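The file query_32.cif contains mmCIF, N, CA and C atoms:
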data_final
loop_
_atom_site.label_atom_id
_atom_site.label_comp_id
_atom_site.auth_asym_id
_atom_site.auth_seq_id
_atom_site.Cartn_x
_atom_site.Cartn_y
_atom_site.Cartn_z
N MET Z 1 -13.67 -10.52 22.41
CA MET Z 1 -12.39 -10.61 21.70
C MET Z 1 -11.25 -10.75 22.71
N THR Z 2 -10.39 -11.73 22.51
CA THR Z 2 -9.26 -11.89 23.42
C THR Z 2 -8.11 -11.01 22.95
N ASP Z 3 -7.16 -10.79 23.84
CA ASP Z 3 -6.01 -9.95 23.50
C ASP Z 3 -5.21 -10.54 22.33
N ASN Z 4 -5.22 -11.85 22.19
CA ASN Z 4 -4.48 -12.49 21.11
C ASN Z 4 -5.03 -12.12 19.73
N ASN Z 5 -6.31 -11.80 19.68
CA ASN Z 5 -6.93 -11.46 18.40
C ASN Z 5 -6.80 -9.98 18.06
N LYS Z 6 -6.37 -9.17 19.02
CA LYS Z 6 -6.25 -7.74 18.75
C LYS Z 6 -4.97 -7.45 17.97
N PRO Z 7 -5.04 -6.50 17.05
CA PRO Z 7 -3.84 -6.16 16.27
C PRO Z 7 -2.83 -5.42 17.14
N PRO Z 8 -1.56 -5.46 16.76
CA PRO Z 8 -0.55 -4.68 17.50
C PRO Z 8 -0.91 -3.20 17.52
N LYS Z 9 -0.71 -2.57 18.67
CA LYS Z 9 -1.09 -1.15 18.81
C LYS Z 9 -0.36 -0.26 17.80
N MET Z 10 0.87 -0.63 17.44
CA MET Z 10 1.62 0.19 16.48
C MET Z 10 0.90 0.23 15.13
N ILE Z 11 0.34 -0.88 14.71
CA ILE Z 11 -0.39 -0.93 13.44
C ILE Z 11 -1.64 -0.06 13.53
N VAL Z 12 -2.36 -0.16 14.65
CA VAL Z 12 -3.56 0.65 14.82
C VAL Z 12 -3.21 2.13 14.82
N LYS Z 13 -2.12 2.50 15.51
CA LYS Z 13 -1.68 3.90 15.53
C LYS Z 13 -1.35 4.38 14.12
N THR Z 14 -0.71 3.54 13.34
CA THR Z 14 -0.36 3.90 11.96
C THR Z 14 -1.62 4.13 11.12
N LEU Z 15 -2.60 3.24 11.26
CA LEU Z 15 -3.86 3.41 10.52
C LEU Z 15 -4.55 4.71 10.92
N LEU Z 16 -4.58 5.00 12.22
CA LEU Z 16 -5.21 6.24 12.69
C LEU Z 16 -4.46 7.45 12.18
N PHE Z 17 -3.13 7.38 12.16
CA PHE Z 17 -2.31 8.48 11.64
C PHE Z 17 -2.63 8.73 10.17
N LEU Z 18 -2.72 7.66 9.39
CA LEU Z 18 -3.00 7.80 7.96
C LEU Z 18 -4.36 8.43 7.72
N ILE Z 19 -5.35 8.05 8.54
CA ILE Z 19 -6.68 8.63 8.41
C ILE Z 19 -6.65 10.14 8.68
N ASP Z 20 -5.85 10.55 9.66
CA ASP Z 20 -5.83 11.95 10.09
C ASP Z 20 -4.88 12.83 9.29
N HIS Z 21 -4.01 12.23 8.48
CA HIS Z 21 -2.97 13.00 7.80
C HIS Z 21 -3.50 13.66 6.53
N ASN Z 22 -3.23 14.93 6.36
CA ASN Z 22 -3.79 15.70 5.24
C ASN Z 22 -3.28 15.27 3.86
N ASP Z 23 -2.05 14.76 3.80
CA ASP Z 23 -1.46 14.44 2.49
C ASP Z 23 -1.89 13.08 1.95
N ILE Z 24 -2.67 12.34 2.71
CA ILE Z 24 -3.10 11.02 2.28
C ILE Z 24 -4.36 11.16 1.41
N PRO Z 25 -4.40 10.48 0.25
CA PRO Z 25 -5.60 10.56 -0.60
C PRO Z 25 -6.85 10.04 0.12
N ASP Z 26 -7.99 10.63 -0.20
CA ASP Z 26 -9.24 10.24 0.46
C ASP Z 26 -9.56 8.76 0.26
N SER Z 27 -9.23 8.21 -0.89
CA SER Z 27 -9.54 6.80 -1.14
C SER Z 27 -8.75 5.90 -0.18
N VAL Z 28 -7.51 6.28 0.11
CA VAL Z 28 -6.68 5.53 1.05
C VAL Z 28 -7.22 5.70 2.46
N LYS Z 29 -7.59 6.93 2.81
CA LYS Z 29 -8.18 7.17 4.13
C LYS Z 29 -9.42 6.31 4.35
N GLN Z 30 -10.27 6.24 3.34
CA GLN Z 30 -11.50 5.45 3.45
C GLN Z 30 -11.18 3.98 3.65
N GLU Z 31 -10.19 3.49 2.92
CA GLU Z 31 -9.79 2.09 3.04
C GLU Z 31 -9.27 1.79 4.45
N LYS Z 32 -8.44 2.68 4.99
CA LYS Z 32 -7.89 2.48 6.34
C LYS Z 32 -8.99 2.60 7.39
N ARG Z 33 -9.90 3.53 7.19
CA ARG Z 33 -11.03 3.69 8.11
C ARG Z 33 -11.87 2.41 8.12
N ASN Z 34 -12.14 1.86 6.92
CA ASN Z 34 -12.91 0.63 6.83
C ASN Z 34 -12.21 -0.52 7.54
N THR Z 35 -10.89 -0.58 7.42
CA THR Z 35 -10.11 -1.62 8.10
C THR Z 35 -10.28 -1.51 9.61
N LEU Z 36 -10.19 -0.29 10.14
CA LEU Z 36 -10.35 -0.09 11.58
C LEU Z 36 -11.76 -0.44 12.04
N VAL Z 37 -12.75 -0.09 11.24
CA VAL Z 37 -14.13 -0.40 11.60
C VAL Z 37 -14.33 -1.93 11.63
N LYS Z 38 -13.71 -2.65 10.69
CA LYS Z 38 -13.80 -4.11 10.70
C LYS Z 38 -13.15 -4.67 11.97
N MET Z 39 -12.04 -4.11 12.39
CA MET Z 39 -11.32 -4.61 13.56
C MET Z 39 -12.04 -4.29 14.87
N PHE Z 40 -12.56 -3.06 14.97
CA PHE Z 40 -13.05 -2.57 16.26
C PHE Z 40 -14.52 -2.22 16.29
N GLY Z 41 -15.15 -2.11 15.14
CA GLY Z 41 -16.54 -1.69 15.10
C GLY Z 41 -16.70 -0.20 14.87
N SER Z 42 -15.67 0.58 15.25
CA SER Z 42 -15.68 2.03 15.00
C SER Z 42 -14.27 2.58 15.16
N VAL Z 43 -14.04 3.74 14.56
CA VAL Z 43 -12.74 4.41 14.70
C VAL Z 43 -12.54 4.85 16.15
N GLN Z 44 -13.63 5.26 16.79
CA GLN Z 44 -13.55 5.70 18.19
C GLN Z 44 -13.03 4.58 19.09
N LYS Z 45 -13.50 3.37 18.87
CA LYS Z 45 -13.04 2.22 19.67
C LYS Z 45 -11.56 1.95 19.43
N ALA Z 46 -11.09 2.21 18.20
CA ALA Z 46 -9.67 2.05 17.90
C ALA Z 46 -8.85 3.05 18.71
N HIS Z 47 -9.34 4.29 18.80
CA HIS Z 47 -8.67 5.30 19.61
C HIS Z 47 -8.62 4.87 21.08
N GLN Z 48 -9.73 4.32 21.57
CA GLN Z 48 -9.77 3.85 22.96
C GLN Z 48 -8.78 2.72 23.17
N TYR Z 49 -8.66 1.82 22.21
CA TYR Z 49 -7.76 0.67 22.31
C TYR Z 49 -6.30 1.11 22.46
N ILE Z 50 -5.87 2.08 21.64
CA ILE Z 50 -4.47 2.48 21.74
C ILE Z 50 -4.19 3.32 22.97
N SER Z 51 -5.24 3.86 23.60
CA SER Z 51 -5.01 4.66 24.80
C SER Z 51 -5.15 3.82 26.09
N GLU Z 52 -5.45 2.52 25.94
CA GLU Z 52 -5.58 1.64 27.11
C GLU Z 52 -4.24 1.44 27.80
#
Show how you would write the structure in this file as structure tokens.
Amino acid sequence: MTDNNKPPKMIVKTLLFLIDHNDIPDSVKQEKRNTLVKMFGSVQKAHQYISE
């Protein structure tokens, strides 16, 4: 994957925040988690991406 195909880090941070936030409904969390998995293969890889 080239850098041009990677999503902006701010969007990834927002998705990770929504997954971790207690007030977000589980259905929304699952949807955001699935989005991150599609982008990176795993939520862990998304965390690694924003910390690069």
Residues within 12 Å of range 18-24 of chain Z, please, as a compact mmCIF listing (two decimals) with N, CA and C atoms, in the coordinates of the input. Count only C-alpha atoms; anything in the same chain fewer than 3 positions from it doesn't count.
# COMPACT_ATOMS: atom_id res chain seq x y z
N ILE Z 11 0.34 -0.88 14.71
CA ILE Z 11 -0.39 -0.93 13.44
C ILE Z 11 -1.64 -0.06 13.53
N VAL Z 12 -2.36 -0.16 14.65
CA VAL Z 12 -3.56 0.65 14.82
C VAL Z 12 -3.21 2.13 14.82
N LYS Z 13 -2.12 2.50 15.51
CA LYS Z 13 -1.68 3.90 15.53
C LYS Z 13 -1.35 4.38 14.12
N THR Z 14 -0.71 3.54 13.34
CA THR Z 14 -0.36 3.90 11.96
C THR Z 14 -1.62 4.13 11.12
N LEU Z 15 -2.60 3.24 11.26
CA LEU Z 15 -3.86 3.41 10.52
C LEU Z 15 -4.55 4.71 10.92
N SER Z 27 -9.23 8.21 -0.89
CA SER Z 27 -9.54 6.80 -1.14
C SER Z 27 -8.75 5.90 -0.18
N VAL Z 28 -7.51 6.28 0.11
CA VAL Z 28 -6.68 5.53 1.05
C VAL Z 28 -7.22 5.70 2.46
N LYS Z 29 -7.59 6.93 2.81
CA LYS Z 29 -8.18 7.17 4.13
C LYS Z 29 -9.42 6.31 4.35
N GLN Z 30 -10.27 6.24 3.34
CA GLN Z 30 -11.50 5.45 3.45
C GLN Z 30 -11.18 3.98 3.65
N GLU Z 31 -10.19 3.49 2.92
CA GLU Z 31 -9.79 2.09 3.04
C GLU Z 31 -9.27 1.79 4.45
N LYS Z 32 -8.44 2.68 4.99
CA LYS Z 32 -7.89 2.48 6.34
C LYS Z 32 -8.99 2.60 7.39
N ARG Z 33 -9.90 3.53 7.19
CA ARG Z 33 -11.03 3.69 8.11
C ARG Z 33 -11.87 2.41 8.12
N ASN Z 34 -12.14 1.86 6.92
CA ASN Z 34 -12.91 0.63 6.83
C ASN Z 34 -12.21 -0.52 7.54
N THR Z 35 -10.89 -0.58 7.42
CA THR Z 35 -10.11 -1.62 8.10
C THR Z 35 -10.28 -1.51 9.61
N LEU Z 36 -10.19 -0.29 10.14
CA LEU Z 36 -10.35 -0.09 11.58
C LEU Z 36 -11.76 -0.44 12.04
N VAL Z 43 -14.04 3.74 14.56
CA VAL Z 43 -12.74 4.41 14.70
C VAL Z 43 -12.54 4.85 16.15
N ALA Z 46 -11.09 2.21 18.20
CA ALA Z 46 -9.67 2.05 17.90
C ALA Z 46 -8.85 3.05 18.71
N HIS Z 47 -9.34 4.29 18.80
CA HIS Z 47 -8.67 5.30 19.61
C HIS Z 47 -8.62 4.87 21.08
Residues of range 8-52 of chain Z in helix (DSSP H, G or I), written as a VMD selection string: chain Z and resid 9 to 20 26 to 40 43 to 50
Padding 5 Å on every side, please: axis-aligned box over the listed atoms of range 41-44 of chain Z, centre and edge lengths to one decimal in Å, as JSON.
{"center_x": -14.6, "center_y": 1.8, "center_z": 16.8, "size_x": 14.2, "size_y": 17.8, "size_z": 14.5}
Separation of atom N of Phe40 in chain Z from CA of Glu52 in chain Z, in Å and rounded to one decimal: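 Value for the atom N of Phe40 in chain Z-CA of Glu52 in chain Z distance: 14.8 Å.
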d(CA of Lys9 in chain Z, CA of Gln44 in chain Z) in Å: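 CA of Gln44 in chain Z lies at a distance of 14.2 Å from CA of Lys9 in chain Z.
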